[in-house]
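Q: Sharing model22.txt (compact mmCIF, C-alpha atoms) below.
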# COMPACT_ATOMS: atom_id res chain seq x y z
CA SER A 1 19.33 15.31 33.50
CA ILE A 2 19.63 11.82 32.04
CA ASP A 3 21.40 8.57 32.84
CA VAL A 4 21.66 6.95 29.39
CA ILE A 5 21.57 8.25 25.82
CA ASP A 6 22.27 6.73 22.43
CA LEU A 7 25.23 8.16 20.53
CA TYR A 8 27.78 7.62 17.83
CA SER A 9 31.15 6.55 19.12
CA THR A 10 32.75 9.68 17.61
CA ASP A 11 30.21 12.27 18.81
CA ALA A 12 31.73 15.56 19.93
CA GLU A 13 29.59 15.53 23.08
CA ILE A 14 31.43 12.48 24.52
CA GLU A 15 34.44 14.56 25.43
CA TYR A 16 32.49 17.75 26.20
CA TYR A 17 30.11 16.13 28.70
CA ASP A 18 32.67 13.58 29.93
CA LEU A 19 30.38 10.72 28.90
CA VAL A 20 31.32 7.06 29.28
CA ALA A 21 30.60 4.99 26.18
CA LEU A 22 29.31 1.55 27.20
CA GLU A 23 30.82 -1.43 25.46
CA ASP A 24 28.48 -3.24 23.09
CA ASP A 25 29.54 -6.62 24.45
CA ARG A 26 26.68 -8.45 22.71
CA GLY A 27 27.46 -6.98 19.30
CA HIS A 28 23.94 -5.58 18.87
CA PHE A 29 25.02 -2.60 16.76
CA PRO A 30 26.98 -3.45 13.59
CA GLU A 31 30.31 -1.64 13.26
CA TYR A 32 30.92 0.51 10.24
CA ARG A 33 34.10 2.10 9.01
CA ALA A 34 34.91 4.93 6.64
CA VAL A 35 36.08 3.59 3.29
CA LEU A 36 37.59 5.17 0.19
CA LEU A 37 35.42 4.75 -2.88
CA TYR A 38 36.81 5.67 -6.27
CA ARG A 39 36.77 4.55 -9.90
CA LEU A 40 39.51 2.12 -10.84
CA ASP A 41 40.76 4.40 -13.60
CA LEU A 42 41.67 6.98 -10.93
CA GLU A 43 44.82 4.94 -10.29
CA ARG A 44 45.82 5.63 -13.88
CA ARG A 45 44.58 9.21 -14.13
CA ALA A 46 45.81 10.49 -10.78
CA PRO A 47 48.01 7.95 -8.98
CA GLY A 48 49.23 10.67 -6.63
CA ALA A 49 45.70 11.26 -5.37
CA VAL A 50 45.24 7.56 -4.63
CA ARG A 51 48.55 7.44 -2.72
CA ALA A 52 47.60 10.55 -0.75
CA LEU A 53 44.25 9.06 0.23
CA GLY A 54 45.96 5.79 1.11
CA ARG A 55 48.11 7.58 3.68
CA LEU A 56 44.97 8.23 5.71
CA THR A 57 44.22 4.51 6.10
CA GLY A 58 44.10 3.62 9.78
CA SER A 59 45.21 7.08 10.83
CA ILE A 60 41.95 8.41 12.30
CA ASP A 61 41.00 6.68 15.53
CA GLU A 62 37.94 7.45 17.65
CA ALA A 63 39.78 9.90 19.92
CA ALA A 64 41.05 11.91 16.93
CA MET A 65 37.61 11.97 15.35
CA ILE A 66 35.97 13.07 18.61
CA GLY A 67 38.49 15.88 18.91
CA MET A 68 37.91 17.10 15.34
CA ASN A 69 34.14 16.90 15.71
CA ALA A 70 34.35 18.86 18.95
CA ALA A 71 36.52 21.53 17.32
CA VAL A 72 33.94 22.06 14.59
CA LYS A 73 30.65 21.56 16.42
CA LEU A 74 31.46 22.90 19.89
CA GLU A 75 34.23 25.42 19.23
CA GLY A 76 32.77 26.63 15.93
CA ARG A 77 36.02 26.28 13.96
CA PRO A 78 35.80 25.83 10.16
CA SER A 79 35.85 22.15 9.19
CA ASP A 80 38.46 22.62 6.44
CA ALA A 81 40.84 24.31 8.90
CA VAL A 82 40.43 21.47 11.41
CA ALA A 83 41.03 18.86 8.71
CA ALA A 84 44.13 20.68 7.43
CA GLU A 85 45.53 20.90 10.95
CA PHE A 86 45.04 17.16 11.47
CA LEU A 87 46.75 16.35 8.18
CA ARG A 88 49.75 18.41 9.21
CA THR A 89 50.07 16.27 12.37
CA LEU A 90 50.46 13.29 10.03
CA GLY A 91 53.15 15.07 8.08
CA ILE A 92 50.87 15.73 5.12
CA ALA A 93 51.07 19.26 3.74
CA ALA A 94 47.59 20.79 3.59
CA ASP A 95 47.01 24.43 2.84
CA ARG A 96 43.62 25.66 3.86
CA PRO A 97 41.96 27.40 0.90
CA GLU A 98 40.98 31.01 1.30
CA GLU A 99 37.55 31.25 2.82
CA ALA A 100 35.13 33.28 0.76
CA SER A 101 33.37 36.12 2.52
CA ARG A 102 29.78 35.61 3.61
CA TRP A 103 28.45 38.04 1.02
CA SER A 104 30.36 36.41 -1.83
CA ARG A 105 29.06 33.00 -0.72
CA ILE A 106 25.49 34.31 -0.62
CA ALA A 107 25.94 35.88 -4.06
CA GLY A 108 27.28 32.63 -5.51
CA HIS A 109 24.51 30.49 -4.01
CA THR A 110 21.87 33.00 -5.11
CA ARG A 111 23.22 32.95 -8.67
CA ASP A 112 23.08 29.15 -8.76
CA HIS A 113 19.57 29.25 -7.28
CA LEU A 114 18.38 31.71 -9.91
CA VAL A 115 19.73 29.50 -12.69
CA LEU A 116 17.61 26.60 -11.42
CA VAL A 117 14.50 28.76 -11.01
CA VAL A 118 14.74 30.71 -14.28
CA ILE A 119 15.38 27.69 -16.51
CA SER A 120 12.73 25.51 -14.87
CA MET A 121 10.15 28.34 -14.94
CA ALA A 122 10.89 29.07 -18.60
CA LEU A 123 10.25 25.42 -19.41
CA ALA A 124 7.09 25.49 -17.30
CA LEU A 125 5.72 28.54 -19.13
CA LEU A 126 6.51 27.06 -22.54
CA THR A 127 4.64 23.86 -21.73
CA ALA A 128 2.01 24.79 -19.15
CA LEU A 129 0.38 27.66 -21.08
CA PRO A 130 -0.29 25.57 -24.24
CA LEU A 131 -1.49 22.68 -22.06
CA GLY A 132 -3.88 24.98 -20.20
CA ILE A 133 -5.22 26.41 -23.47
CA PHE A 134 -5.68 22.92 -24.95
CA ALA A 135 -7.39 21.75 -21.75
CA ALA A 136 -9.88 24.62 -22.04
CA ARG A 137 -10.56 23.81 -25.70
CA SER A 138 -11.35 20.12 -25.15
CA ALA A 139 -13.20 18.89 -22.07
CA ALA A 140 -11.95 15.31 -22.50
CA ALA A 141 -8.34 16.37 -22.96
CA GLY A 142 -8.72 18.83 -20.10
CA ARG A 143 -9.64 16.08 -17.65
CA VAL A 144 -6.58 14.03 -18.65
CA ILE A 145 -4.19 16.99 -18.55
CA LEU A 146 -5.41 18.32 -15.20
CA ALA A 147 -5.36 14.83 -13.68
CA THR A 148 -1.81 14.23 -14.91
CA VAL A 149 -0.30 17.49 -13.65
CA GLY A 150 -2.25 17.10 -10.42
CA ALA A 151 -0.83 13.61 -9.91
CA ILE A 152 2.71 14.92 -10.50
CA TYR A 153 2.15 17.64 -7.90
CA THR A 154 1.09 15.09 -5.26
CA ILE A 155 4.55 13.47 -5.41
CA PRO A 156 6.64 14.86 -2.54
CA ALA A 157 9.26 17.26 -3.87
CA LEU A 158 12.16 15.30 -2.40
CA ALA A 159 10.87 12.06 -3.89
CA LEU A 160 10.49 13.72 -7.30
CA LEU A 161 14.10 14.90 -7.13
CA VAL A 162 15.28 11.41 -6.23
CA PHE A 163 13.25 9.86 -9.08
CA MET A 164 15.23 12.00 -11.52
CA ILE A 165 18.63 10.69 -10.41
CA PRO A 166 18.50 7.32 -12.27
CA LEU A 167 17.46 9.17 -15.43
CA LEU A 168 19.71 12.24 -15.35
CA GLY A 169 22.29 11.61 -12.65
CA ILE A 170 22.99 14.25 -10.01
CA GLY A 171 23.50 17.98 -10.35
CA GLY A 172 21.49 20.75 -11.95
CA ALA A 173 19.76 18.79 -14.74
CA PRO A 174 17.58 16.51 -12.57
CA ALA A 175 16.74 19.43 -10.27
CA ILE A 176 15.61 21.59 -13.21
CA VAL A 177 13.42 18.80 -14.63
CA ALA A 178 11.85 18.13 -11.22
CA LEU A 179 11.19 21.84 -10.63
CA TRP A 180 9.70 22.15 -14.12
CA LEU A 181 7.27 19.28 -13.46
CA TYR A 182 6.42 20.69 -10.03
CA SER A 183 5.58 24.11 -11.53
CA LEU A 184 3.07 22.84 -14.10
CA LEU A 185 -0.07 22.48 -11.99
CA PRO A 186 -0.61 26.11 -10.84
CA ILE A 187 -0.08 27.49 -14.35
CA VAL A 188 -2.08 24.82 -16.21
CA ARG A 189 -5.00 24.95 -13.78
CA ASN A 190 -5.22 28.75 -13.66
CA THR A 191 -4.88 29.07 -17.44
CA HIS A 192 -7.64 26.50 -17.93
CA GLN A 193 -9.87 28.10 -15.30
CA GLY A 194 -9.32 31.62 -16.61
CA LEU A 195 -10.34 30.65 -20.14
CA VAL A 196 -13.30 28.50 -19.06
CA ASP A 197 -14.67 31.28 -16.83
CA ILE A 198 -14.94 33.84 -19.66
CA PRO A 199 -18.64 34.79 -19.84
CA ARG A 200 -20.48 33.23 -22.76
CA PRO A 201 -21.81 36.60 -24.10
CA LEU A 202 -18.24 37.78 -24.59
CA ARG A 203 -17.41 34.62 -26.53
CA GLU A 204 -20.48 35.04 -28.70
CA SER A 205 -19.60 38.69 -29.35
CA ALA A 206 -16.17 37.65 -30.61
CA GLU A 207 -17.73 35.03 -32.86
CA ALA A 208 -20.24 37.56 -34.19
CA LEU A 209 -17.35 39.80 -35.26
CA GLY A 210 -16.07 36.93 -37.41
CA LEU A 211 -12.72 36.71 -35.65
CA SER A 212 -10.54 33.66 -36.33
CA ASP A 213 -9.77 31.25 -33.49
CA GLY A 214 -6.20 32.54 -33.23
CA THR A 215 -7.31 36.16 -33.12
CA LYS A 216 -10.00 35.43 -30.56
CA LEU A 217 -7.46 33.70 -28.36
CA ARG A 218 -4.85 36.44 -28.70
CA ARG A 219 -7.07 39.55 -28.60
CA ILE A 220 -10.02 38.46 -26.47
CA GLU A 221 -9.61 35.28 -24.45
CA LEU A 222 -6.03 35.54 -23.16
CA PRO A 223 -6.40 39.19 -22.06
CA LEU A 224 -9.62 38.30 -20.21
CA ALA A 225 -7.96 35.30 -18.59
CA ALA A 226 -4.74 37.21 -17.81
CA PRO A 227 -5.49 37.87 -14.09
CA SER A 228 -6.04 34.16 -13.46
CA ILE A 229 -3.01 33.15 -15.53
CA MET A 230 -0.74 35.62 -13.74
CA ALA A 231 -1.97 34.39 -10.36
CA GLY A 232 -0.98 30.85 -11.38
CA ILE A 233 2.45 31.97 -12.57
CA LYS A 234 3.13 33.90 -9.35
CA THR A 235 2.14 30.86 -7.28
CA ALA A 236 4.39 28.62 -9.35
CA VAL A 237 7.37 30.98 -9.02
CA VAL A 238 7.11 31.21 -5.24
CA ILE A 239 6.74 27.42 -4.92
CA ASN A 240 9.65 26.93 -7.31
CA ILE A 241 11.98 29.20 -5.33
CA GLY A 242 11.20 27.38 -2.10
CA THR A 243 11.40 23.88 -3.58
CA ALA A 244 14.69 24.65 -5.34
CA THR A 245 16.43 24.68 -1.95
CA LEU A 246 16.00 20.89 -1.92
CA GLY A 247 18.10 20.69 -5.07
CA ALA A 248 21.21 20.84 -2.88
CA LEU A 249 20.39 17.31 -1.72
CA ILE A 250 21.25 16.00 -5.20
CA GLY A 251 24.22 18.26 -5.86
CA ALA A 252 22.41 21.08 -7.66
CA GLY A 253 23.75 23.81 -5.35
CA GLY A 254 21.76 26.97 -4.75
CA LEU A 255 20.56 28.44 -1.47
CA GLY A 256 19.82 25.00 -0.09
CA GLN A 257 23.56 24.34 0.20
CA PRO A 258 24.22 26.56 3.25
CA ILE A 259 20.97 25.32 4.80
CA LEU A 260 22.10 21.69 4.57
CA THR A 261 25.59 22.52 5.80
CA GLY A 262 24.14 24.54 8.67
CA ILE A 263 21.89 21.64 9.70
CA ARG A 264 24.84 19.23 9.58
CA LEU A 265 27.01 21.54 11.71
CA ALA A 266 24.14 22.84 13.91
CA ASP A 267 25.10 26.35 12.72
CA THR A 268 22.11 28.70 12.78
CA GLY A 269 24.08 31.39 10.94
CA LEU A 270 24.66 29.11 7.96
CA ILE A 271 21.01 28.04 7.92
CA LEU A 272 19.91 31.68 7.81
CA GLU A 273 22.51 32.32 5.10
CA GLY A 274 20.36 30.21 2.81
CA ALA A 275 16.88 30.66 4.27
CA VAL A 276 16.79 34.48 4.40
CA PRO A 277 17.97 35.06 0.79
CA ALA A 278 15.49 32.42 -0.41
CA ALA A 279 12.64 34.22 1.36
CA LEU A 280 13.77 37.60 0.01
CA LEU A 281 14.06 36.10 -3.47
CA ALA A 282 10.47 34.86 -3.25
CA LEU A 283 9.26 38.31 -2.14
CA ALA A 284 11.23 39.98 -4.96
CA ALA A 285 9.75 37.58 -7.51
CA GLN A 286 6.26 38.30 -6.18
CA ALA A 287 6.85 42.06 -6.52
CA LEU A 288 8.31 41.61 -10.02
CA PHE A 289 5.30 39.70 -11.26
CA ASP A 290 2.92 42.13 -9.55
CA GLY A 291 4.52 44.85 -11.68
CA LEU A 292 4.44 42.63 -14.77
CA GLU A 293 0.74 42.00 -14.17
CA ARG A 294 0.00 45.71 -14.56
CA TRP A 295 1.55 45.52 -18.03
CA VAL A 296 -0.08 42.22 -19.07
CA VAL A 297 -3.59 42.64 -17.68
CA PRO A 298 -5.75 45.19 -19.56
CA ALA A 299 -6.45 48.37 -17.61
CA GLY A 300 -10.22 47.76 -17.64
CA LEU A 301 -9.82 44.40 -15.94
CA ARG A 302 -7.49 45.89 -13.32
CA LEU A 303 -10.25 48.30 -12.35
Is it possible to give me this structure as structure tokens?

A:
Amino acid sequence: SIDVIDLYSTDAEIEYYDLVALEDDRGHFPEYRAVLLYRLDLERRAPGAVRALGRLTGSIDEAAMIGMNAAVKLEGRPSDAVAAEFLRTLGIAADRPEEASRWSRIAGHTRDHLVLVVISMALALLTALPLGIFAARSAAAGRVILATVGAIYTIPALALLVFMIPLLGIGGAPAIVALWLYSLLPIVRNTHQGLVDIPRPLRESAEALGLSDGTKLRRIELPLAAPSIMAGIKTAVVINIGTATLGALIGAGGLGQPILTGIRLADTGLILEGAVPAALLALAAQALFDGLERWVVPAGLRL
């Protein structure tokens, strides 16, 4: 039970709760209007589109916007259907596109999500494993490498995504680069730690056999460090799957898309449409790498 609340002048709740919007007679809040923003060459490439958009100028007043917002937010109607209905009242033909089924939407978002995760994790493995090995070989280089990947990891995921936009624009590319950078620390640190923690007698035994550095690394050191390395990879994959949902904020798609749309429309079903598959994907990835670990890690070390 309240007397006063702040609102937007086109909030759906104005009509629903029969609220009275007070006049801002002192002009404290600056007015803002919806504007059409497009490249100048659009007038040459698609003059019909510019004319169609121009027909909307001045056609949506506050009452119309309140009604459309209420239809979507309070009545739960699809936003594209409400928009198409309004356009028809203006005499503008607007056919509502066929709505994809929930399962097909989930499948499409999951596919896009997997593309982000698989590519970024492949890049992370190709770079993080050599960096971890090099860090274990040289103490000085190790300090620099671990400090660098640690500093990258301290950057908030959303900020890292935004930093990529001036360099790579929006879409999948900046999201993949950000996810790749974010996945480095667990793999680099665990690879380094796994190699450093190999008992000295085992190292000396390998040297006594006269094995080359490459053979020692491939046949002795990496198998011994495999449990630690796999733990780092599993951690990176789970973090990557969760962080990839933020990629939707910069147009990368994936399972973050229904989450963002659900938050905007206050639709719990849409939020779960992205959150539940993301959680299941993380569990599936964990199970996959648990099985892969049995193949990678020598049987003696598993015991």

Q: Taking (20.9, 24.4, -7.6) in the file's coordinates as the center, which residues reach within 12 Å of it, counting only C-alpha atoms, put as a ChimeraX atom specification?

A: /A:108-120,161,170-179,240-258,274

Q: Which protein, DNA or RNA residues have an atom at most 12 Å from (41.6, 10.5, 16.8), counting only C-alpha atoms? List them as a list in words.

A: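 Residues satisfying the cut-off, written out: Ser9, Thr10, Asp11, Ala12, Glu15, Leu56, Gly58, Ser59, Ile60, Asp61, Glu62, Ala63, Ala64, Met65, Ile66, Gly67, Met68, Asn69, Ala70, Ala83, Phe86, Leu87, Thr89 and Leu90 of chain A.
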
Q: Any chance you could export the current selection's C-alpha atoms as an mmCIF file, keeping the file's coordinate frame?

A:
data_model
loop_
_atom_site.group_PDB
_atom_site.id
_atom_site.type_symbol
_atom_site.label_atom_id
_atom_site.label_comp_id
_atom_site.auth_asym_id
_atom_site.auth_seq_id
_atom_site.Cartn_x
_atom_site.Cartn_y
_atom_site.Cartn_z
ATOM 1 C CA SER A 9 31.150 6.550 19.120
ATOM 2 C CA THR A 10 32.750 9.680 17.610
ATOM 3 C CA ASP A 11 30.210 12.270 18.810
ATOM 4 C CA ALA A 12 31.730 15.560 19.930
ATOM 5 C CA GLU A 15 34.440 14.560 25.430
ATOM 6 C CA LEU A 56 44.970 8.230 5.710
ATOM 7 C CA GLY A 58 44.100 3.620 9.780
ATOM 8 C CA SER A 59 45.210 7.080 10.830
ATOM 9 C CA ILE A 60 41.950 8.410 12.300
ATOM 10 C CA ASP A 61 41.000 6.680 15.530
ATOM 11 C CA GLU A 62 37.940 7.450 17.650
ATOM 12 C CA ALA A 63 39.780 9.900 19.920
ATOM 13 C CA ALA A 64 41.050 11.910 16.930
ATOM 14 C CA MET A 65 37.610 11.970 15.350
ATOM 15 C CA ILE A 66 35.970 13.070 18.610
ATOM 16 C CA GLY A 67 38.490 15.880 18.910
ATOM 17 C CA MET A 68 37.910 17.100 15.340
ATOM 18 C CA ASN A 69 34.140 16.900 15.710
ATOM 19 C CA ALA A 70 34.350 18.860 18.950
ATOM 20 C CA ALA A 83 41.030 18.860 8.710
ATOM 21 C CA PHE A 86 45.040 17.160 11.470
ATOM 22 C CA LEU A 87 46.750 16.350 8.180
ATOM 23 C CA THR A 89 50.070 16.270 12.370
ATOM 24 C CA LEU A 90 50.460 13.290 10.030
#

Q: In Å, rounded to a single decimal, give me how far atom CA of Arg33 of chain A is from atom CA of Arg51 of chain A.

A: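 Result for atom CA of Arg51 of chain A versus atom CA of Arg33 of chain A: 19.4 Å, one decimal.
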
Q: For a test of reading the model, state the distance in Å between atom CA of Leu184 of chain A and atom CA of Ala236 of chain A, rounded to one decimal.

A: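 Those two atoms sit 7.6 Å apart.
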
Q: So which one's closest to Val196 of chain A, A:Ser79, A:Thr148, A:Ser138, A:Ser212? Using only C-alpha atoms, please.

A: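 Among the listed residues, A:Ser138 lies closest to Val196 of chain A.
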
Q: Could you work out how far atom CA of Tyr32 of chain A lies from atom CA of Ala49 of chain A, giving the answer in Å with one decimal?

A: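 Atom-to-atom, atom CA of Ala49 of chain A to atom CA of Tyr32 of chain A, that is 24.0 Å.
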
Q: Which centre and which edge lengths, in Å to one decimal, describe the axis-aligned box that holds all listed atoms of segment 150-154 of chain A after 8 Å is added on each side, as JSON?

A:
{"center_x": 0.2, "center_y": 15.6, "center_z": -7.9, "size_x": 21.0, "size_y": 20.0, "size_z": 21.2}

Q: Need to verify the contact set: Ile5 of chain A, 12 Å, only C-alpha atoms, exclusion of same-chain residues closer than 5 positions in sequence. Can you return it as a list in words?

A: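 Once the adjacent positions are removed, what remains is Asp11, Glu13, Ile14, Tyr17, Leu19, Val20, Ala21 and Leu22 of chain A.
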
Q: Tell me which of A:Lys216, A:Glu273, A:Ser183, A:Asp267 sits closest to Ser101 of chain A, counting only C-alpha atoms.

A: A:Glu273

Q: Calculated over all atoms listed in the file, which of the candidates A:Leu37, A:Leu53, A:Ile145, A:Val237 has the smallest distance to Val188 of chain A?

A: A:Ile145

Q: Which is closer to Leu7 of chain A than all the others in A:Arg105, A:Ile233, A:Phe29, A:Ala141, using only C-alpha atoms?

A: A:Phe29

Q: Please determine, counting only C-alpha atoms, which residue among A:Glu43, A:Phe134, A:Leu181, A:Asp6 has the shortest atom-to-atom distance to Ala157 of chain A.

A: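 Ranking A:Glu43, A:Phe134, A:Leu181, A:Asp6 by distance to Ala157 of chain A, first place goes to A:Leu181.
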